[in-house]
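A quick write-up on the structure given underneath.
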Amino acid sequence: MSELKLCQGPSCHQYHTKDRLKGPKENKTYQTRRRSSFYYGGNNFCSFQCYNDWFNSFGNRAIDHFGRTTEVKHLTEENAWQKTYDWNSNDDTVYIYRNGITKEERPITREQYKDNNYTLNTS
Ligand SMILES: [Zn+2]
């Protein structure tokens, strides 16, 4: 069995659902959900509700910690690159960097596509 993750929602155990009620017969408690993967918040939350609960509790602190946007940003040719993918005639996935302003496309590897630090954007 693969390692189970715990939902990071601070109130996950407070939602009364059958699947959260666990434990020995006479001592069941509502518990934080455990799953091999989650659909919300970068694989950290079992539901949008739990994701939202986390943000309501910690979101402002997280934004302040990682840097709050304090000035308007402008889309320019230098920062308009977006990763995308398509299929070629052989039905193979091809990964592309596409500039949202110039419409220029450049092929990238699957590794570059998945690498969150890889970017062509310079501003
Ligand atoms: Zn949850």
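Just remember, in the structure tokens the first chain shown is A, the second B, etc., residues are 1-based per chain, and ligands are 1-based in the order shown.
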
Exercise. Write out as a VMD selection string all residues of segment 14-113 of chain A that backbone DSSP assigns to strand (DSSP E or B).
Key: chain A and resid 21 to 22 29 to 30 34 to 35 40 45 81 to 87 93 to 99 105 to 108

Which chains and residue numbers are within 6 Å of ligand 1, counting only C-alpha atoms and all ligand atoms, if I want them as a PDB file with all heavy atoms, in the first residue's frame?
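Generated output (out_6.pdb):
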```pdb
ATOM      1  N   CYS A   7      -5.189  15.133   4.687  1.00  0.00           N
ATOM      2  CA  CYS A   7      -5.731  16.407   4.229  1.00  0.00           C
ATOM      3  C   CYS A   7      -5.203  17.503   5.146  1.00  0.00           C
ATOM      4  O   CYS A   7      -5.169  17.341   6.369  1.00  0.00           O
ATOM      5  CB  CYS A   7      -7.254  16.379   4.265  1.00  0.00           C
ATOM      6  SG  CYS A   7      -8.008  17.982   3.920  1.00  0.00           S
ATOM      7  N   GLY A   9      -6.543  20.429   5.537  1.00  0.00           N
ATOM      8  CA  GLY A   9      -7.625  21.301   6.001  1.00  0.00           C
ATOM      9  C   GLY A   9      -7.683  21.304   7.522  1.00  0.00           C
ATOM     10  O   GLY A   9      -7.769  20.228   8.119  1.00  0.00           O
ATOM     11  N   CYS A  12     -10.905  19.579   8.721  1.00  0.00           N
ATOM     12  CA  CYS A  12     -11.341  18.373   7.985  1.00  0.00           C
ATOM     13  C   CYS A  12     -12.094  17.410   8.902  1.00  0.00           C
ATOM     14  O   CYS A  12     -13.144  16.880   8.539  1.00  0.00           O
ATOM     15  CB  CYS A  12     -10.133  17.687   7.366  1.00  0.00           C
ATOM     16  SG  CYS A  12     -10.550  16.370   6.208  1.00  0.00           S
ATOM     17  N   ARG A  33      -9.230  13.243   6.799  1.00  0.00           N
ATOM     18  CA  ARG A  33      -9.205  12.280   5.690  1.00  0.00           C
ATOM     19  C   ARG A  33      -7.773  11.911   5.305  1.00  0.00           C
ATOM     20  O   ARG A  33      -6.894  12.770   5.275  1.00  0.00           O
ATOM     21  CB  ARG A  33      -9.906  12.853   4.470  1.00  0.00           C
ATOM     22  CG  ARG A  33     -11.400  12.655   4.510  1.00  0.00           C
ATOM     23  CD  ARG A  33     -12.039  13.251   3.273  1.00  0.00           C
ATOM     24  NE  ARG A  33     -13.447  12.880   3.158  1.00  0.00           N
ATOM     25  CZ  ARG A  33     -14.334  13.611   2.499  1.00  0.00           C
ATOM     26  NH1 ARG A  33     -13.980  14.736   1.904  1.00  0.00           N
ATOM     27  NH2 ARG A  33     -15.587  13.222   2.438  1.00  0.00           N
ATOM     28  N   PHE A  45      -5.421  18.852  -0.286  1.00  0.00           N
ATOM     29  CA  PHE A  45      -6.733  18.983   0.352  1.00  0.00           C
ATOM     30  C   PHE A  45      -7.755  18.024  -0.255  1.00  0.00           C
ATOM     31  O   PHE A  45      -7.788  17.842  -1.471  1.00  0.00           O
ATOM     32  CB  PHE A  45      -7.247  20.424   0.217  1.00  0.00           C
ATOM     33  CG  PHE A  45      -6.303  21.429   0.827  1.00  0.00           C
ATOM     34  CD1 PHE A  45      -5.368  22.074   0.038  1.00  0.00           C
ATOM     35  CD2 PHE A  45      -6.326  21.684   2.187  1.00  0.00           C
ATOM     36  CE1 PHE A  45      -4.474  22.980   0.599  1.00  0.00           C
ATOM     37  CE2 PHE A  45      -5.443  22.589   2.756  1.00  0.00           C
ATOM     38  CZ  PHE A  45      -4.513  23.239   1.961  1.00  0.00           C
ATOM     39  N   CYS A  46      -8.610  17.463   0.612  1.00  0.00           N
ATOM     40  CA  CYS A  46      -9.584  16.476   0.156  1.00  0.00           C
ATOM     41  C   CYS A  46     -10.774  17.117  -0.538  1.00  0.00           C
ATOM     42  O   CYS A  46     -11.492  16.442  -1.264  1.00  0.00           O
ATOM     43  CB  CYS A  46     -10.068  15.635   1.340  1.00  0.00           C
ATOM     44  SG  CYS A  46     -11.198  16.501   2.456  1.00  0.00           S
ATOM     45  N   SER A  47     -10.992  18.407  -0.306  1.00  0.00           N
ATOM     46  CA  SER A  47     -12.165  19.063  -0.890  1.00  0.00           C
ATOM     47  C   SER A  47     -11.875  20.550  -1.056  1.00  0.00           C
ATOM     48  O   SER A  47     -10.947  21.088  -0.431  1.00  0.00           O
ATOM     49  CB  SER A  47     -13.383  18.902   0.029  1.00  0.00           C
ATOM     50  OG  SER A  47     -13.158  19.604   1.242  1.00  0.00           O
ATOM     51  N   CYS A  50     -12.094  22.198   2.364  1.00  0.00           N
ATOM     52  CA  CYS A  50     -10.886  22.128   3.193  1.00  0.00           C
ATOM     53  C   CYS A  50      -9.808  23.068   2.668  1.00  0.00           C
ATOM     54  O   CYS A  50      -9.086  23.699   3.446  1.00  0.00           O
ATOM     55  CB  CYS A  50     -10.369  20.687   3.251  1.00  0.00           C
ATOM     56  SG  CYS A  50     -11.308  19.660   4.409  1.00  0.00           S
TER      57      CYS A  50
END
```

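One finds atom CA of Gly23 of chain A at 16.6 Å from atom CA of Leu4 of chain A.
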
Quiz item: Leaving out segment 96-107 of chain A and any residue of its chain fewer than 4 positions from it, which residues lie within 6 Å of it when counting only C-alpha atoms, given as a ChimeraX atom specification?
Solution: /A:77,80-85

Just C-alpha atoms for this one: save the residues we selected as a PDB file, in the first residue's frame.
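Contents of out.pdb, as written:
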```pdb
ATOM      1  CA  GLU A  77       6.474  39.881 -25.000  1.00  0.00           C
ATOM      2  CA  ALA A  80       3.981  36.118 -22.144  1.00  0.00           C
ATOM      3  CA  TRP A  81       5.430  32.606 -22.500  1.00  0.00           C
ATOM      4  CA  GLN A  82       3.065  29.855 -21.423  1.00  0.00           C
ATOM      5  CA  LYS A  83       3.628  26.129 -21.383  1.00  0.00           C
ATOM      6  CA  THR A  84       1.125  24.019 -23.224  1.00  0.00           C
ATOM      7  CA  TYR A  85       0.941  20.713 -25.016  1.00  0.00           C
TER       8      TYR A  85
END
```

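Among the candidates A:Arg34, A:Lys73, A:Lys114, A:Arg61, the residue lying nearest to Gln8 of chain A is A:Arg34 (atoms considered: only C-alpha atoms).
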
Exercise. Could you find all residues in chain A that DSSP calls alpha helix (DSSP H) from the backbone, and write them as number ranges by chain?
Key: A: 48-66, 110-114

Quiz prompt | All residues 9 Å or closer to Leu21 of chain A, only C-alpha atoms, same chain fewer than 5 positions away omitted, as an MDAnalysis selection string | solution = chainID A and resid 13 16 28:31

Write the selection just made, keeping N, CA, C and O atoms, as a compact mmCIF listing (two decimals), in the first residue's frame?
```txt
# COMPACT_ATOMS: atom_id res chain seq x y z
N HIS A 13 -11.58 17.20 10.11
CA HIS A 13 -12.17 16.24 11.05
C HIS A 13 -13.51 16.71 11.61
O HIS A 13 -14.20 15.97 12.29
N HIS A 16 -18.93 16.03 9.35
CA HIS A 16 -19.51 14.73 9.67
C HIS A 16 -19.88 13.98 8.40
O HIS A 16 -20.98 14.12 7.89
N LYS A 28 -15.49 5.22 17.83
CA LYS A 28 -15.29 5.87 16.54
C LYS A 28 -15.22 7.38 16.71
O LYS A 28 -15.93 7.97 17.52
N THR A 29 -14.34 8.01 15.93
CA THR A 29 -14.23 9.47 15.94
C THR A 29 -14.18 9.97 14.50
O THR A 29 -13.76 9.25 13.60
N TYR A 30 -14.61 11.20 14.31
CA TYR A 30 -14.45 11.84 13.00
C TYR A 30 -12.99 12.24 12.88
O TYR A 30 -12.46 12.90 13.77
N GLN A 31 -12.37 11.80 11.78
CA GLN A 31 -10.93 11.99 11.62
C GLN A 31 -10.59 12.70 10.31
O GLN A 31 -11.36 12.62 9.35
```

Exercise. Would you list the contacts of Asn44 of chain A as number ranges by chain, taking every protein, DNA or RNA residue within 8 Å and counting only C-alpha atoms, but skipping same-chain residues closer than 2 positions in sequence?
Key: A: 5-8, 37-42, 46, 51

May I have the residues from that selection written out with all heavy atoms, as a JSON list (two decimals), in the first residue's frame?
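Printed below is result.json as written:
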```json
[["chain", "number", "residue", "atom", "x", "y", "z"],
["A", 5, "LYS", "N", -1.57, 10.29, 2.50],
["A", 5, "LYS", "CA", -1.36, 11.67, 2.91],
["A", 5, "LYS", "C", -2.56, 12.11, 3.74],
["A", 5, "LYS", "O", -3.66, 11.61, 3.56],
["A", 5, "LYS", "CB", -1.27, 12.57, 1.67],
["A", 5, "LYS", "CG", -0.21, 12.17, 0.69],
["A", 5, "LYS", "CD", -0.30, 13.00, -0.56],
["A", 5, "LYS", "CE", 0.12, 14.42, -0.26],
["A", 5, "LYS", "NZ", 0.65, 15.11, -1.44],
["A", 6, "LEU", "N", -2.33, 13.06, 4.61],
["A", 6, "LEU", "CA", -3.42, 13.63, 5.39],
["A", 6, "LEU", "C", -3.88, 14.93, 4.75],
["A", 6, "LEU", "O", -3.05, 15.75, 4.32],
["A", 6, "LEU", "CB", -2.95, 13.93, 6.81],
["A", 6, "LEU", "CG", -2.67, 12.72, 7.69],
["A", 6, "LEU", "CD1", -1.95, 13.16, 8.96],
["A", 6, "LEU", "CD2", -3.95, 12.00, 8.03],
["A", 7, "CYS", "N", -5.19, 15.13, 4.69],
["A", 7, "CYS", "CA", -5.73, 16.41, 4.23],
["A", 7, "CYS", "C", -5.20, 17.50, 5.15],
["A", 7, "CYS", "O", -5.17, 17.34, 6.37],
["A", 7, "CYS", "CB", -7.25, 16.38, 4.26],
["A", 7, "CYS", "SG", -8.01, 17.98, 3.92],
["A", 8, "GLN", "N", -4.78, 18.62, 4.56],
["A", 8, "GLN", "CA", -4.23, 19.71, 5.34],
["A", 8, "GLN", "C", -5.29, 20.71, 5.82],
["A", 8, "GLN", "O", -4.97, 21.72, 6.44],
["A", 8, "GLN", "CB", -3.15, 20.44, 4.53],
["A", 8, "GLN", "CG", -1.94, 19.55, 4.23],
["A", 8, "GLN", "CD", -1.29, 19.03, 5.50],
["A", 8, "GLN", "OE1", -0.84, 19.80, 6.34],
["A", 8, "GLN", "NE2", -1.24, 17.71, 5.65],
["A", 37, "SER", "N", -3.91, 10.36, -2.78],
["A", 37, "SER", "CA", -3.79, 11.64, -3.48],
["A", 37, "SER", "C", -5.07, 12.44, -3.29],
["A", 37, "SER", "O", -6.13, 11.89, -3.01],
["A", 37, "SER", "CB", -3.50, 11.43, -4.95],
["A", 37, "SER", "OG", -4.60, 10.82, -5.57],
["A", 38, "PHE", "N", -4.92, 13.76, -3.45],
["A", 38, "PHE", "CA", -6.06, 14.67, -3.32],
["A", 38, "PHE", "C", -6.18, 15.52, -4.59],
["A", 38, "PHE", "O", -5.21, 15.74, -5.29],
["A", 38, "PHE", "CB", -5.85, 15.62, -2.13],
["A", 38, "PHE", "CG", -5.87, 14.94, -0.79],
["A", 38, "PHE", "CD1", -4.73, 14.96, 0.01],
["A", 38, "PHE", "CD2", -6.99, 14.30, -0.31],
["A", 38, "PHE", "CE1", -4.74, 14.34, 1.25],
["A", 38, "PHE", "CE2", -7.00, 13.69, 0.93],
["A", 38, "PHE", "CZ", -5.87, 13.71, 1.71],
["A", 39, "TYR", "N", -7.37, 15.99, -4.86],
["A", 39, "TYR", "CA", -7.61, 16.75, -6.08],
["A", 39, "TYR", "C", -7.39, 18.25, -5.92],
["A", 39, "TYR", "O", -7.31, 18.97, -6.90],
["A", 39, "TYR", "CB", -9.05, 16.54, -6.57],
["A", 39, "TYR", "CG", -9.30, 15.15, -7.12],
["A", 39, "TYR", "CD1", -10.15, 14.28, -6.46],
["A", 39, "TYR", "CD2", -8.67, 14.73, -8.28],
["A", 39, "TYR", "CE1", -10.38, 13.00, -6.97],
["A", 39, "TYR", "CE2", -8.90, 13.47, -8.79],
["A", 39, "TYR", "CZ", -9.76, 12.61, -8.12],
["A", 39, "TYR", "OH", -9.98, 11.36, -8.62],
["A", 40, "TYR", "N", -7.34, 18.73, -4.70],
["A", 40, "TYR", "CA", -7.36, 20.18, -4.51],
["A", 40, "TYR", "C", -6.06, 20.71, -3.92],
["A", 40, "TYR", "O", -5.38, 20.02, -3.15],
["A", 40, "TYR", "CB", -8.53, 20.57, -3.58],
["A", 40, "TYR", "CG", -9.86, 20.15, -4.14],
["A", 40, "TYR", "CD1", -10.40, 18.91, -3.82],
["A", 40, "TYR", "CD2", -10.55, 20.97, -5.03],
["A", 40, "TYR", "CE1", -11.60, 18.50, -4.37],
["A", 40, "TYR", "CE2", -11.76, 20.57, -5.58],
["A", 40, "TYR", "CZ", -12.28, 19.34, -5.24],
["A", 40, "TYR", "OH", -13.47, 18.94, -5.79],
["A", 41, "GLY", "N", -5.77, 21.96, -4.27],
["A", 41, "GLY", "CA", -4.65, 22.67, -3.64],
["A", 41, "GLY", "C", -3.33, 21.93, -3.76],
["A", 41, "GLY", "O", -2.68, 21.71, -2.75],
["A", 42, "GLY", "N", -2.97, 21.57, -4.97],
["A", 42, "GLY", "CA", -1.67, 20.94, -5.17],
["A", 42, "GLY", "C", -1.54, 19.61, -4.44],
["A", 42, "GLY", "O", -0.49, 19.32, -3.86],
["A", 46, "CYS", "N", -8.61, 17.46, 0.61],
["A", 46, "CYS", "CA", -9.58, 16.48, 0.16],
["A", 46, "CYS", "C", -10.77, 17.12, -0.54],
["A", 46, "CYS", "O", -11.49, 16.44, -1.26],
["A", 46, "CYS", "CB", -10.07, 15.63, 1.34],
["A", 46, "CYS", "SG", -11.20, 16.50, 2.46],
["A", 51, "TYR", "N", -9.68, 23.16, 1.35],
["A", 51, "TYR", "CA", -8.74, 24.09, 0.72],
["A", 51, "TYR", "C", -9.08, 25.52, 1.16],
["A", 51, "TYR", "O", -8.23, 26.31, 1.59],
["A", 51, "TYR", "CB", -8.87, 23.93, -0.79],
["A", 51, "TYR", "CG", -7.91, 24.67, -1.67],
["A", 51, "TYR", "CD1", -6.75, 25.26, -1.20],
["A", 51, "TYR", "CD2", -8.18, 24.75, -3.04],
["A", 51, "TYR", "CE1", -5.88, 25.91, -2.06],
["A", 51, "TYR", "CE2", -7.31, 25.41, -3.90],
["A", 51, "TYR", "CZ", -6.17, 25.99, -3.40],
["A", 51, "TYR", "OH", -5.33, 26.63, -4.25]]
```

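Separating atom CA of Gln49 of chain A from atom CA of Ala62 of chain A is a distance of 18.1 Å.
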
Self-check item: Gln112 of chain A surroundings by only C-alpha atoms, 9 Å radius, close-in-sequence under 6 positions cut, as number ranges by chain
Solution: A: 95, 118-119

Please identify all polymer residues within 9 Å of Ser11 of chain A, counting only C-alpha atoms, omitting same-chain residues fewer than 6 positions from it, and present them as a JSON list (two decimals) with N, CA and C atoms, in the first residue's frame.
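Writing done, so here's selection24.json:
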```json
[["chain", "number", "residue", "atom", "x", "y", "z"],
["A", 32, "THR", "N", -9.44, 13.32, 10.33],
["A", 32, "THR", "CA", -8.89, 13.92, 9.11],
["A", 32, "THR", "C", -8.82, 12.86, 8.02],
["A", 50, "CYS", "N", -12.09, 22.20, 2.36],
["A", 50, "CYS", "CA", -10.89, 22.13, 3.19],
["A", 50, "CYS", "C", -9.81, 23.07, 2.67],
["A", 53, "ASP", "N", -10.89, 26.44, 3.79],
["A", 53, "ASP", "CA", -10.67, 26.58, 5.23],
["A", 53, "ASP", "C", -9.22, 26.93, 5.51],
["A", 54, "TRP", "N", -8.32, 26.23, 4.82],
["A", 54, "TRP", "CA", -6.89, 26.50, 5.01],
["A", 54, "TRP", "C", -6.59, 27.94, 4.62]]
```
